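K.L.:
Data: coords.cif, mmCIF, C-alpha atoms.
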```cif
data_structure
loop_
_atom_site.label_atom_id
_atom_site.label_comp_id
_atom_site.auth_asym_id
_atom_site.auth_seq_id
_atom_site.Cartn_x
_atom_site.Cartn_y
_atom_site.Cartn_z
CA MET P 1 -46.29 -40.07 -211.19
CA LYS P 2 -44.75 -40.60 -214.59
CA ARG P 3 -42.81 -37.85 -216.39
CA PRO P 4 -43.84 -37.28 -219.98
CA GLY P 5 -42.00 -39.84 -222.13
CA ALA P 6 -40.34 -37.26 -224.35
CA LEU P 7 -38.74 -35.64 -221.31
CA THR P 8 -37.55 -38.94 -219.86
CA ASP P 9 -36.02 -39.80 -223.24
CA LEU P 10 -34.09 -36.54 -223.43
CA ILE P 11 -32.86 -36.90 -219.84
CA GLN P 12 -31.67 -40.44 -220.63
CA GLU P 13 -29.82 -39.32 -223.77
CA LEU P 14 -28.16 -36.36 -222.03
CA LYS P 15 -27.04 -38.63 -219.19
CA ARG P 16 -24.95 -40.62 -221.68
CA LEU P 17 -22.73 -37.57 -222.20
CA PRO P 18 -19.56 -37.33 -220.10
CA GLY P 19 -19.91 -35.38 -216.86
CA ILE P 20 -23.70 -35.11 -217.14
CA GLY P 21 -25.53 -36.74 -214.24
CA GLN P 22 -29.25 -37.09 -213.47
CA LYS P 23 -29.65 -33.60 -211.98
CA THR P 24 -27.80 -31.80 -214.76
CA ALA P 25 -29.65 -33.82 -217.41
CA GLU P 26 -32.97 -32.84 -215.81
CA ARG P 27 -32.00 -29.17 -215.62
CA LEU P 28 -30.83 -29.11 -219.25
CA SER P 29 -33.93 -30.97 -220.44
CA PHE P 30 -36.28 -28.53 -218.75
CA PHE P 31 -34.28 -25.64 -220.15
CA ILE P 32 -34.52 -27.01 -223.70
CA MET P 33 -38.20 -27.77 -223.23
CA ARG P 34 -39.01 -24.27 -221.98
CA GLY P 35 -36.72 -22.48 -224.44
CA GLU P 36 -37.47 -21.26 -227.95
CA LYS P 37 -38.32 -23.81 -230.59
CA LEU P 38 -35.67 -22.36 -232.90
CA ARG P 39 -32.95 -23.12 -230.35
CA ALA P 40 -34.06 -26.74 -230.01
CA GLU P 41 -34.12 -27.07 -233.79
CA LYS P 42 -30.62 -25.62 -234.11
CA LEU P 43 -29.26 -27.87 -231.35
CA SER P 44 -30.94 -30.93 -232.82
CA ALA P 45 -29.57 -30.16 -236.30
CA ALA P 46 -26.07 -29.39 -234.95
CA VAL P 47 -25.91 -32.77 -233.20
CA MET P 48 -26.68 -34.56 -236.46
CA ALA P 49 -24.36 -32.34 -238.50
CA VAL P 50 -21.25 -33.28 -236.52
CA LYS P 51 -21.95 -36.93 -237.31
CA GLU P 52 -22.83 -36.34 -240.94
CA LYS P 53 -20.36 -33.69 -242.06
CA ILE P 54 -17.24 -34.37 -240.06
CA VAL P 55 -14.80 -37.03 -241.24
CA LEU P 56 -11.32 -38.06 -240.19
CA CYS P 57 -8.43 -36.80 -242.29
CA SER P 58 -6.84 -39.74 -244.11
CA GLU P 59 -3.41 -38.20 -243.59
CA CYS P 60 -3.33 -37.17 -239.89
CA HIS P 61 -6.62 -38.69 -238.57
CA GLY P 62 -7.61 -35.29 -237.26
CA ILE P 63 -11.22 -34.17 -237.75
CA THR P 64 -12.21 -32.17 -240.78
CA GLU P 65 -15.08 -31.42 -243.14
CA ARG P 66 -12.88 -32.01 -246.19
CA ASN P 67 -10.25 -34.66 -246.63
CA PRO P 68 -7.29 -34.12 -246.37
CA CYS P 69 -7.71 -31.49 -243.65
CA ASP P 70 -6.78 -27.80 -243.67
CA ILE P 71 -3.60 -28.41 -241.69
CA CYS P 72 -2.31 -31.23 -243.93
CA THR P 73 -2.98 -29.18 -247.09
CA ASP P 74 -1.57 -25.91 -245.72
CA GLU P 75 1.52 -25.13 -247.82
CA LYS P 76 2.89 -22.88 -245.08
CA ARG P 77 3.17 -25.69 -242.55
CA ASP P 78 6.31 -27.74 -242.06
CA ARG P 79 5.49 -31.32 -243.09
CA GLY P 80 8.84 -32.52 -241.86
CA LEU P 81 7.77 -31.84 -238.27
CA VAL P 82 5.02 -34.10 -236.92
CA CYS P 83 3.36 -33.75 -233.52
CA VAL P 84 1.83 -37.02 -232.30
CA VAL P 85 -1.27 -36.65 -230.11
CA GLU P 86 -3.78 -39.06 -228.58
CA GLU P 87 -7.12 -37.55 -229.61
CA PRO P 88 -8.45 -35.22 -232.34
CA TYR P 89 -9.36 -32.76 -229.57
CA ASP P 90 -5.68 -32.42 -228.64
CA VAL P 91 -5.00 -30.91 -232.07
CA TYR P 92 -7.32 -28.02 -231.22
CA VAL P 93 -5.78 -27.54 -227.81
CA LEU P 94 -2.33 -27.25 -229.40
CA GLU P 95 -3.59 -25.11 -232.30
CA ASN P 96 -5.04 -22.68 -229.76
CA VAL P 97 -1.50 -22.11 -228.47
CA GLY P 98 -0.58 -21.07 -232.02
CA GLU P 99 3.05 -21.97 -231.52
CA PHE P 100 3.36 -25.18 -233.52
CA LYS P 101 3.95 -24.81 -237.26
CA GLY P 102 4.29 -28.48 -238.22
CA VAL P 103 1.60 -31.08 -238.91
CA TYR P 104 -0.12 -33.62 -236.65
CA HIS P 105 -0.66 -37.33 -236.32
CA VAL P 106 -3.61 -38.42 -234.19
CA LEU P 107 -3.20 -41.87 -232.63
CA MET P 108 -6.95 -42.18 -231.93
CA GLY P 109 -6.23 -43.37 -228.42
CA VAL P 110 -3.35 -44.61 -226.35
CA ILE P 111 -1.88 -48.04 -225.59
CA SER P 112 -3.81 -49.31 -222.59
CA PRO P 113 -3.75 -53.07 -222.01
CA LEU P 114 -6.31 -52.78 -219.20
CA ASP P 115 -8.84 -51.30 -221.64
CA GLY P 116 -7.87 -53.87 -224.28
CA ILE P 117 -6.23 -51.26 -226.50
CA GLY P 118 -3.00 -52.47 -228.06
CA PRO P 119 -0.78 -50.84 -230.71
CA ALA P 120 -2.89 -52.40 -233.49
CA GLU P 121 -5.95 -50.40 -232.38
CA LEU P 122 -4.10 -47.13 -232.91
CA THR P 123 -2.90 -45.38 -236.08
CA LEU P 124 0.72 -46.40 -235.46
CA ASP P 125 0.92 -48.14 -238.86
CA GLY P 126 0.03 -44.84 -240.48
CA LEU P 127 2.70 -43.05 -238.46
CA LYS P 128 5.30 -45.61 -239.51
CA ALA P 129 4.20 -45.23 -243.14
CA ARG P 130 4.54 -41.44 -242.93
CA VAL P 131 8.05 -41.81 -241.55
CA ASP P 132 8.92 -44.40 -244.22
CA THR P 133 8.20 -41.86 -246.98
CA GLY P 134 11.37 -40.10 -245.82
CA ASN P 135 9.61 -36.72 -245.59
CA VAL P 136 9.51 -36.61 -241.79
CA ARG P 137 12.48 -34.96 -240.09
CA GLU P 138 11.32 -34.68 -236.49
CA ILE P 139 8.53 -36.12 -234.32
CA ILE P 140 7.28 -34.55 -231.08
CA VAL P 141 5.35 -37.03 -228.97
CA ALA P 142 2.62 -35.05 -227.17
CA THR P 143 0.70 -37.92 -225.58
CA ASN P 144 -0.59 -37.24 -222.06
CA PRO P 145 1.97 -37.27 -219.24
CA ASP P 146 0.37 -40.31 -217.59
CA LEU P 147 1.20 -44.02 -217.51
CA GLU P 148 -0.50 -44.86 -220.83
CA GLY P 149 0.86 -41.77 -222.56
CA GLU P 150 4.43 -42.54 -221.44
CA SER P 151 4.16 -46.19 -222.47
CA THR P 152 2.89 -45.14 -225.88
CA ALA P 153 5.76 -42.67 -226.24
CA THR P 154 8.22 -45.46 -225.44
CA TYR P 155 6.48 -47.75 -227.94
CA ILE P 156 6.78 -45.11 -230.66
CA ALA P 157 10.47 -44.64 -229.84
CA ARG P 158 11.05 -48.38 -230.37
CA LEU P 159 8.88 -48.47 -233.49
CA LEU P 160 10.86 -45.71 -235.18
CA LYS P 161 14.29 -46.78 -233.96
CA GLY P 162 16.79 -46.70 -236.82
CA SER P 163 14.54 -44.57 -239.02
CA GLY P 164 16.83 -41.59 -238.50
CA VAL P 165 13.97 -39.36 -237.38
CA LYS P 166 14.64 -37.03 -234.45
CA LEU P 167 12.21 -37.95 -231.69
CA SER P 168 11.30 -35.77 -228.72
CA ARG P 169 8.76 -35.74 -225.87
CA ILE P 170 6.98 -32.61 -224.65
CA ALA P 171 8.49 -31.26 -221.41
CA ARG P 172 7.02 -32.43 -218.15
CA GLY P 173 7.43 -30.12 -215.19
CA VAL P 174 5.68 -27.74 -212.83
CA PRO P 175 2.81 -25.97 -214.64
CA VAL P 176 3.30 -22.25 -215.15
CA GLY P 177 1.37 -20.30 -212.51
CA GLY P 178 1.37 -23.42 -210.33
CA ASP P 179 2.94 -23.85 -206.91
CA ILE P 180 5.93 -26.13 -206.22
CA GLU P 181 4.42 -26.84 -202.79
CA TYR P 182 1.51 -28.66 -204.42
CA ALA P 183 3.42 -30.41 -207.21
CA ASP P 184 3.68 -34.18 -206.89
CA THR P 185 7.00 -36.03 -206.56
CA VAL P 186 7.11 -37.40 -210.10
CA THR P 187 6.38 -33.99 -211.62
CA LEU P 188 9.11 -32.39 -209.51
CA GLN P 189 11.52 -35.15 -210.51
CA LYS P 190 10.73 -34.51 -214.20
CA ALA P 191 11.05 -30.76 -213.62
CA LEU P 192 14.52 -31.22 -212.14
CA GLU P 193 15.62 -33.63 -214.88
CA GLY P 194 14.40 -31.27 -217.58
CA ARG P 195 15.94 -28.14 -216.07
CA THR P 196 17.03 -25.52 -218.58
CA GLU P 197 19.97 -23.16 -218.26
CA ILE P 198 19.23 -19.59 -217.28
CA THR P 199 21.04 -17.32 -219.66
CA PRO P 200 21.97 -13.97 -218.16
CA MET D 201 -6.64 -22.81 -238.02
CA LYS D 202 -10.40 -23.04 -238.33
CA ARG D 203 -12.42 -25.80 -236.68
CA PRO D 204 -14.84 -27.59 -238.97
CA GLY D 205 -18.04 -25.48 -239.12
CA ALA D 206 -20.32 -28.28 -237.94
CA LEU D 207 -18.27 -28.63 -234.77
CA THR D 208 -18.22 -24.89 -234.09
CA ASP D 209 -22.01 -24.81 -234.54
CA LEU D 210 -22.57 -27.60 -232.02
CA ILE D 211 -20.22 -25.97 -229.51
CA GLN D 212 -22.11 -22.68 -229.91
CA GLU D 213 -25.49 -24.34 -229.39
CA LEU D 214 -24.35 -26.30 -226.34
CA LYS D 215 -22.92 -23.12 -224.80
CA ARG D 216 -26.42 -21.64 -224.73
CA LEU D 217 -27.45 -24.26 -222.19
CA PRO D 218 -27.23 -23.30 -218.49
CA GLY D 219 -23.97 -24.23 -216.78
CA ILE D 220 -22.25 -25.23 -220.03
CA GLY D 221 -19.15 -23.16 -220.79
CA GLN D 222 -16.69 -23.26 -223.69
CA LYS D 223 -14.62 -26.16 -222.34
CA THR D 224 -17.59 -28.35 -221.46
CA ALA D 225 -19.25 -27.58 -224.81
CA GLU D 226 -16.05 -28.62 -226.60
CA ARG D 227 -15.74 -31.82 -224.61
CA LEU D 228 -19.39 -32.75 -225.20
CA SER D 229 -19.15 -31.91 -228.92
CA PHE D 230 -16.11 -34.11 -229.43
CA PHE D 231 -17.81 -36.88 -227.49
CA ILE D 232 -20.93 -36.70 -229.68
CA MET D 233 -18.79 -36.50 -232.82
CA ARG D 234 -16.73 -39.55 -231.90
CA GLY D 235 -19.66 -41.55 -230.52
CA GLU D 236 -22.03 -43.88 -232.34
CA LYS D 237 -24.29 -42.39 -234.99
CA LEU D 238 -27.33 -43.99 -233.35
CA ARG D 239 -26.68 -42.04 -230.14
CA ALA D 240 -26.46 -38.74 -232.01
CA GLU D 241 -29.69 -39.56 -233.82
CA LYS D 242 -31.46 -40.41 -230.57
CA LEU D 243 -30.21 -37.25 -228.87
CA SER D 244 -31.14 -35.10 -231.85
CA ALA D 245 -34.63 -36.61 -231.99
CA ALA D 246 -35.12 -36.33 -228.22
CA VAL D 247 -34.31 -32.61 -228.30
CA MET D 248 -36.99 -32.03 -230.94
CA ALA D 249 -39.49 -34.32 -229.22
CA VAL D 250 -39.55 -32.31 -225.98
CA LYS D 251 -40.50 -29.25 -228.02
CA GLU D 252 -43.02 -31.03 -230.20
CA LYS D 253 -44.73 -33.42 -227.82
CA ILE D 254 -44.73 -31.64 -224.49
CA VAL D 255 -47.41 -29.07 -223.76
CA LEU D 256 -48.46 -27.19 -220.66
CA CYS D 257 -51.48 -28.50 -218.78
CA SER D 258 -54.33 -25.99 -219.12
CA GLU D 259 -55.35 -26.71 -215.53
CA CYS D 260 -52.09 -26.56 -213.52
CA HIS D 261 -49.58 -25.32 -216.16
CA GLY D 262 -47.36 -28.29 -215.40
CA ILE D 263 -45.78 -30.10 -218.33
CA THR D 264 -47.49 -33.05 -219.94
CA GLU D 265 -47.90 -34.96 -223.19
CA ARG D 266 -51.70 -34.92 -222.86
CA ASN D 267 -53.85 -32.11 -221.62
CA PRO D 268 -55.04 -32.02 -218.84
CA CYS D 269 -52.07 -33.76 -217.21
CA ASP D 270 -51.91 -37.07 -215.35
CA ILE D 271 -51.95 -35.37 -211.96
CA CYS D 272 -54.98 -33.15 -212.70
CA THR D 273 -56.95 -36.11 -214.07
CA ASP D 274 -55.94 -38.55 -211.31
CA GLU D 275 -59.13 -39.37 -209.40
CA LYS D 276 -57.14 -40.44 -206.34
CA ARG D 277 -55.62 -37.00 -205.82
CA ASP D 278 -57.16 -34.38 -203.55
CA ARG D 279 -58.24 -31.48 -205.77
CA GLY D 280 -59.11 -29.40 -202.75
CA LEU D 281 -55.43 -29.17 -201.84
CA VAL D 282 -53.28 -27.12 -204.23
CA CYS D 283 -49.51 -26.74 -204.01
CA VAL D 284 -48.28 -23.56 -205.71
CA VAL D 285 -44.78 -23.79 -207.25
CA GLU D 286 -42.65 -21.50 -209.42
CA GLU D 287 -41.57 -23.81 -212.25
CA PRO D 288 -42.79 -27.04 -213.90
CA TYR D 289 -39.56 -28.68 -212.70
CA ASP D 290 -40.58 -28.08 -209.07
CA VAL D 291 -43.56 -30.41 -209.60
CA TYR D 292 -41.15 -33.27 -210.32
CA VAL D 293 -38.97 -32.45 -207.36
CA LEU D 294 -42.02 -32.59 -205.06
CA GLU D 295 -43.44 -35.68 -206.78
CA ASN D 296 -40.15 -37.47 -206.15
CA VAL D 297 -40.77 -37.00 -202.43
CA GLY D 298 -44.04 -38.86 -202.94
CA GLU D 299 -45.63 -37.26 -199.89
CA PHE D 300 -48.02 -34.77 -201.47
CA LYS D 301 -51.41 -36.12 -202.54
CA GLY D 302 -53.03 -32.91 -203.76
CA VAL D 303 -52.71 -31.14 -207.12
CA TYR D 304 -50.37 -28.39 -208.31
CA HIS D 305 -50.46 -24.89 -209.70
CA VAL D 306 -47.35 -23.75 -211.58
CA LEU D 307 -46.86 -19.97 -211.55
CA MET D 308 -44.42 -20.11 -214.51
CA GLY D 309 -42.03 -17.83 -212.68
CA VAL D 310 -41.95 -15.56 -209.68
CA ILE D 311 -42.66 -11.86 -209.12
CA SER D 312 -39.37 -10.11 -209.78
CA PRO D 313 -39.58 -6.39 -210.60
CA LEU D 314 -35.86 -6.26 -211.41
CA ASP D 315 -36.38 -8.81 -214.21
CA GLY D 316 -39.55 -7.02 -215.33
CA ILE D 317 -41.79 -9.86 -214.14
CA GLY D 318 -44.94 -8.62 -212.46
CA PRO D 319 -48.03 -10.56 -211.30
CA ALA D 320 -49.57 -10.28 -214.79
CA GLU D 321 -46.74 -12.36 -216.29
CA LEU D 322 -47.54 -15.28 -213.98
CA THR D 323 -50.52 -17.65 -213.87
CA LEU D 324 -52.02 -15.87 -210.85
CA ASP D 325 -55.30 -15.21 -212.70
CA GLY D 326 -55.62 -18.94 -213.20
CA LEU D 327 -54.96 -19.58 -209.52
CA LYS D 328 -57.63 -17.02 -208.55
CA ALA D 329 -60.05 -18.65 -210.99
CA ARG D 330 -59.40 -22.09 -209.50
CA VAL D 331 -60.08 -20.72 -206.01
CA ASP D 332 -63.23 -18.94 -207.23
CA THR D 333 -64.75 -22.26 -208.33
CA GLY D 334 -65.06 -23.02 -204.61
CA ASN D 335 -63.40 -26.44 -205.01
CA VAL D 336 -60.12 -25.44 -203.35
CA ARG D 337 -59.90 -25.97 -199.59
CA GLU D 338 -56.23 -25.37 -198.90
CA ILE D 339 -53.22 -23.86 -200.70
CA ILE D 340 -49.60 -24.58 -199.84
CA VAL D 341 -47.25 -21.96 -201.27
CA ALA D 342 -44.01 -23.75 -202.18
CA THR D 343 -42.17 -20.92 -203.94
CA ASN D 344 -38.44 -20.74 -203.27
CA PRO D 345 -37.36 -19.43 -199.85
CA ASP D 346 -35.68 -16.37 -201.37
CA LEU D 347 -36.68 -12.70 -201.72
CA GLU D 348 -38.77 -13.20 -204.89
CA GLY D 349 -40.38 -16.38 -203.59
CA GLU D 350 -41.38 -14.73 -200.31
CA SER D 351 -42.75 -11.63 -202.08
CA THR D 352 -44.80 -13.84 -204.36
CA ALA D 353 -46.13 -15.78 -201.35
CA THR D 354 -47.18 -12.49 -199.74
CA TYR D 355 -48.81 -11.38 -203.01
CA ILE D 356 -50.80 -14.63 -203.20
CA ALA D 357 -51.91 -14.19 -199.57
CA ARG D 358 -53.29 -10.72 -200.44
CA LEU D 359 -54.84 -11.95 -203.68
CA LEU D 360 -56.79 -14.69 -201.95
CA LYS D 361 -57.69 -12.73 -198.83
CA GLY D 362 -61.35 -13.22 -197.98
CA SER D 363 -61.70 -16.27 -200.23
CA GLY D 364 -61.91 -18.53 -197.19
CA VAL D 365 -59.12 -20.77 -198.43
CA LYS D 366 -56.60 -21.97 -195.87
CA LEU D 367 -53.17 -20.70 -196.97
CA SER D 368 -49.83 -22.04 -195.76
CA ARG D 369 -46.14 -21.66 -196.60
CA ILE D 370 -43.65 -24.56 -196.63
CA ALA D 371 -41.45 -24.61 -193.52
CA ARG D 372 -38.15 -22.81 -193.66
CA GLY D 373 -35.46 -24.05 -191.30
CA VAL D 374 -32.18 -25.90 -191.04
CA PRO D 375 -31.95 -28.57 -193.74
CA VAL D 376 -31.98 -32.15 -192.47
CA GLY D 377 -28.45 -33.54 -192.36
CA GLY D 378 -27.12 -29.99 -192.27
CA ASP D 379 -25.11 -28.31 -189.55
CA ILE D 380 -26.42 -25.45 -187.38
CA GLU D 381 -22.88 -24.05 -187.34
CA TYR D 382 -23.11 -23.33 -191.07
CA ALA D 383 -26.73 -22.15 -191.23
CA ASP D 384 -27.22 -18.46 -192.00
CA THR D 385 -28.92 -16.06 -189.58
CA VAL D 386 -32.21 -15.76 -191.46
CA THR D 387 -32.55 -19.55 -191.76
CA LEU D 388 -31.88 -19.96 -188.04
CA GLN D 389 -34.40 -17.23 -187.26
CA LYS D 390 -37.02 -19.05 -189.36
CA ALA D 391 -36.04 -22.35 -187.75
CA LEU D 392 -36.63 -20.87 -184.28
CA GLU D 393 -39.91 -19.22 -185.27
CA GLY D 394 -41.20 -22.42 -186.81
CA ARG D 395 -40.14 -24.68 -183.92
CA THR D 396 -42.38 -27.68 -183.32
CA GLU D 397 -43.19 -29.29 -180.01
CA ILE D 398 -41.40 -32.49 -179.12
CA THR D 399 -43.92 -35.02 -177.98
CA PRO D 400 -42.55 -37.55 -175.54
#
```
Can I see the file as structure tokens?
P.N.:
Amino acid sequence: MKRPGALTDLIQELKRLPGIGQKTAERLSFFIMRGEKLRAEKLSAAVMAVKEKIVLCSECHGITERNPCDICTDEKRDRGLVCVVEEPYDVYVLENVGEFKGVYHVLMGVISPLDGIGPAELTLDGLKARVDTGNVREIIVATNPDLEGESTATYIARLLKGSGVKLSRIARGVPVGGDIEYADTVTLQKALEGRTEITP
Amino acid sequence: MKRPGALTDLIQELKRLPGIGQKTAERLSFFIMRGEKLRAEKLSAAVMAVKEKIVLCSECHGITERNPCDICTDEKRDRGLVCVVEEPYDVYVLENVGEFKGVYHVLMGVISPLDGIGPAELTLDGLKARVDTGNVREIIVATNPDLEGESTATYIARLLKGSGVKLSRIARGVPVGGDIEYADTVTLQKALEGRTEITP
């Protein structure tokens, strides 16, 4: 027996989303189908709106509805301090912490030869250009603590060598609330290397 | 810092879906935002299509794009044998098995006094009416094997008492591939009660 075409279509589209398999797509589709029409309309419109309204900031490549973005135009933020991240989403994760008062630079990915992504595919030219203006004092590289993220950090270090900019990498160590027993060797090694003095 | 409004809207709408929390909604929203425009258009259209094109079959209350549905109009199916299920989704689960050759009756829920759902909220009148036509020979009650599903099965048994229709309940027992060690007491009790003879 055939499912109604409209339902099959929705299941297929939902399955393209990350982490959504056949079962979840079916459950969500039935939920949307049985729910209020207003909710479906809102969801449908919201999906289109993120594609139509959101653009990338020409300065930091973060996402925004107006260009340049709120962070890049905020007079209270320190433009001499730039945090380099892989994805636009990372900006929000860091902003949620509320600690960082500088600006961002989104690489739009990470160097990954296996996926065919080289330095030219990223916004490294833009980063270099920002540094070349002479307005950047310090760069914090907050790429992921994995192989690609570390390679990219090293690449950036070489790219900006001799520019006089202070370059740092976010600390890698045991996560707070975690258990040393379950930490892997490399993490423990980084945690030992990056040990900080306990002041009495 | 504020997220762009369009993104916040999409996250809010996705969070209304079952099993989708803040983190998942954020991840999905960023994925949709960064994906191809065609995909967002297709998803957006598919969401609306399930609301606009899909209707409930006036016969069985299952979902369909034309009324009555493909199952109810299929000449090869046994209309004397009706399988009663809680939700339209259950029809697809059973159809995937491919074993059942009768027709369905979707209750559109289950008797649940705590949720304020009594027999009047379900399609029990319709079921009674179908039985009263005299065309139904046998009814298999395939409501969920939980408290509400069992109560509803008992209610149906009382409702159709004296109608001469053969009434059965799907077997409850240890799931195939499961382990007796992990089966709960009630399931084991049902499995023992419903034991079948082994023919040599």
K.L.:
Per residue of chain D within 6 Å of chain P, what are the shortest atom pair and its distance in Å to one decimal, counting only C-alpha atoms, with rows by chain and residue number, as a tab-separated table?
P.N.:
```
residue	atom	partner	partner_atom	distance
D:Pro204	CA	P:Thr64	CA	5.6
D:Ala206	CA	P:Val50	CA	5.3
D:Leu207	CA	P:Val50	CA	5.8
D:Leu210	CA	P:Ala46	CA	4.9
D:Glu213	CA	P:Leu43	CA	5.5
D:Met233	CA	P:Val50	CA	5.5
D:Leu243	CA	P:Glu13	CA	5.5
D:Ser244	CA	P:Ser44	CA	4.3
D:Ala246	CA	P:Leu10	CA	4.9
D:Val247	CA	P:Ser44	CA	5.9
D:Ala249	CA	P:Ala6	CA	5.8
D:Val250	CA	P:Ala6	CA	5.3
D:Lys251	CA	P:Met33	CA	5.5
D:Thr264	CA	P:Pro4	CA	5.6
D:Glu265	CA	P:Pro4	CA	5.7
```
K.L.:
Please evaluate the PyMOL selection byres ((chain P and resi 130) around 12) against the displayed coordinates and give the resulting residues as number ranges by chain.
P.N.:
P: 58-60, 79-82, 84, 103-105, 123-129, 131-139, 160, 163, 165
K.L.:
As an exercise, work out the distance from CA of Ala171 in chain P to CA of Ser112 in chain P in Å and give it to one decimal place.
P.N.:
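Result for CA of Ala171 in chain P versus CA of Ser112 in chain P: 21.9 Å, one decimal.
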K.L.:
Tell me, as a ChimeraX atom specification, which residues lie within 9 Å of Ser151 in chain P, counting only C-alpha atoms; anything in the same chain fewer than 3 positions away does not count.
P.N.:
/P:110-112,146-148,154-156
K.L.:
What does the distance between CA of Val85 in chain P and CA of Ser168 in chain P come to in Å, to one decimal place?
P.N.:
12.7 Å
K.L.:
Could you tell me how far CA of Arg369 in chain D sits from CA of Glu397 in chain D, in Å to one decimal place?
P.N.:
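Between CA of Glu397 in chain D and CA of Arg369 in chain D the gap is 18.5 Å.
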K.L.:
Name the closest residue to Leu192 in chain P among the candidates P:Gly102, P:Pro113, P:Gly62, P:Gly173; distances are taken between atoms, counting only C-alpha atoms.
P.N.:
P:Gly173
K.L.:
Give me the residues near Glu86 in chain P as a list in words, where near means some atom within 9 Å (using all atoms listed in the file) and where sequence neighbours in that chain fewer than 5 positions away do not count.
P.N.:
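Here the qualifying residues turn out to be Val91, His105, Val106, Leu107, Met108, Gly109, Val110, Ala142, Thr143, Asn144 and Gly149 of chain P.
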K.L.:
Take the PyMOL selection byres ((chain D and resi 390) around 12), run it mentally on this structure, and tell me the resulting residues as a count of residues only.
P.N.:
21
K.L.:
Would you mind putting back all heavy atoms on range 204-208 of chain D, then writing it out as a PDB file, keeping the file's coordinate frame?
P.N.:
```pdb
ATOM      1  N   PRO D 204     -13.778 -27.332-238.007  1.00  0.00           N
ATOM      2  CA  PRO D 204     -14.840 -27.590-238.970  1.00  0.00           C
ATOM      3  C   PRO D 204     -16.118 -26.879-238.500  1.00  0.00           C
ATOM      4  O   PRO D 204     -16.421 -26.847-237.309  1.00  0.00           O
ATOM      5  CB  PRO D 204     -15.004 -29.103-238.905  1.00  0.00           C
ATOM      6  CG  PRO D 204     -13.700 -29.606-238.389  1.00  0.00           C
ATOM      7  CD  PRO D 204     -13.199 -28.549-237.464  1.00  0.00           C
ATOM      8  N   GLY D 205     -16.849 -26.275-239.436  1.00  0.00           N
ATOM      9  CA  GLY D 205     -18.040 -25.480-239.120  1.00  0.00           C
ATOM     10  C   GLY D 205     -19.079 -26.229-238.308  1.00  0.00           C
ATOM     11  O   GLY D 205     -19.660 -25.674-237.374  1.00  0.00           O
ATOM     12  N   ALA D 206     -19.298 -27.496-238.636  1.00  0.00           N
ATOM     13  CA  ALA D 206     -20.320 -28.280-237.940  1.00  0.00           C
ATOM     14  C   ALA D 206     -19.984 -28.395-236.452  1.00  0.00           C
ATOM     15  O   ALA D 206     -20.868 -28.356-235.596  1.00  0.00           O
ATOM     16  CB  ALA D 206     -20.423 -29.672-238.554  1.00  0.00           C
ATOM     17  N   LEU D 207     -18.701 -28.508-236.159  1.00  0.00           N
ATOM     18  CA  LEU D 207     -18.270 -28.630-234.770  1.00  0.00           C
ATOM     19  C   LEU D 207     -18.452 -27.306-234.039  1.00  0.00           C
ATOM     20  O   LEU D 207     -18.960 -27.265-232.909  1.00  0.00           O
ATOM     21  CB  LEU D 207     -16.802 -29.071-234.728  1.00  0.00           C
ATOM     22  CG  LEU D 207     -16.310 -29.544-233.378  1.00  0.00           C
ATOM     23  CD1 LEU D 207     -16.960 -30.856-232.990  1.00  0.00           C
ATOM     24  CD2 LEU D 207     -14.807 -29.711-233.393  1.00  0.00           C
ATOM     25  N   THR D 208     -18.056 -26.212-234.680  1.00  0.00           N
ATOM     26  CA  THR D 208     -18.220 -24.890-234.090  1.00  0.00           C
ATOM     27  C   THR D 208     -19.699 -24.620-233.796  1.00  0.00           C
ATOM     28  O   THR D 208     -20.047 -24.095-232.741  1.00  0.00           O
ATOM     29  CB  THR D 208     -17.686 -23.806-235.054  1.00  0.00           C
ATOM     30  OG1 THR D 208     -16.382 -24.202-235.464  1.00  0.00           O
ATOM     31  CG2 THR D 208     -17.627 -22.448-234.399  1.00  0.00           C
TER      32      THR D 208
END
```
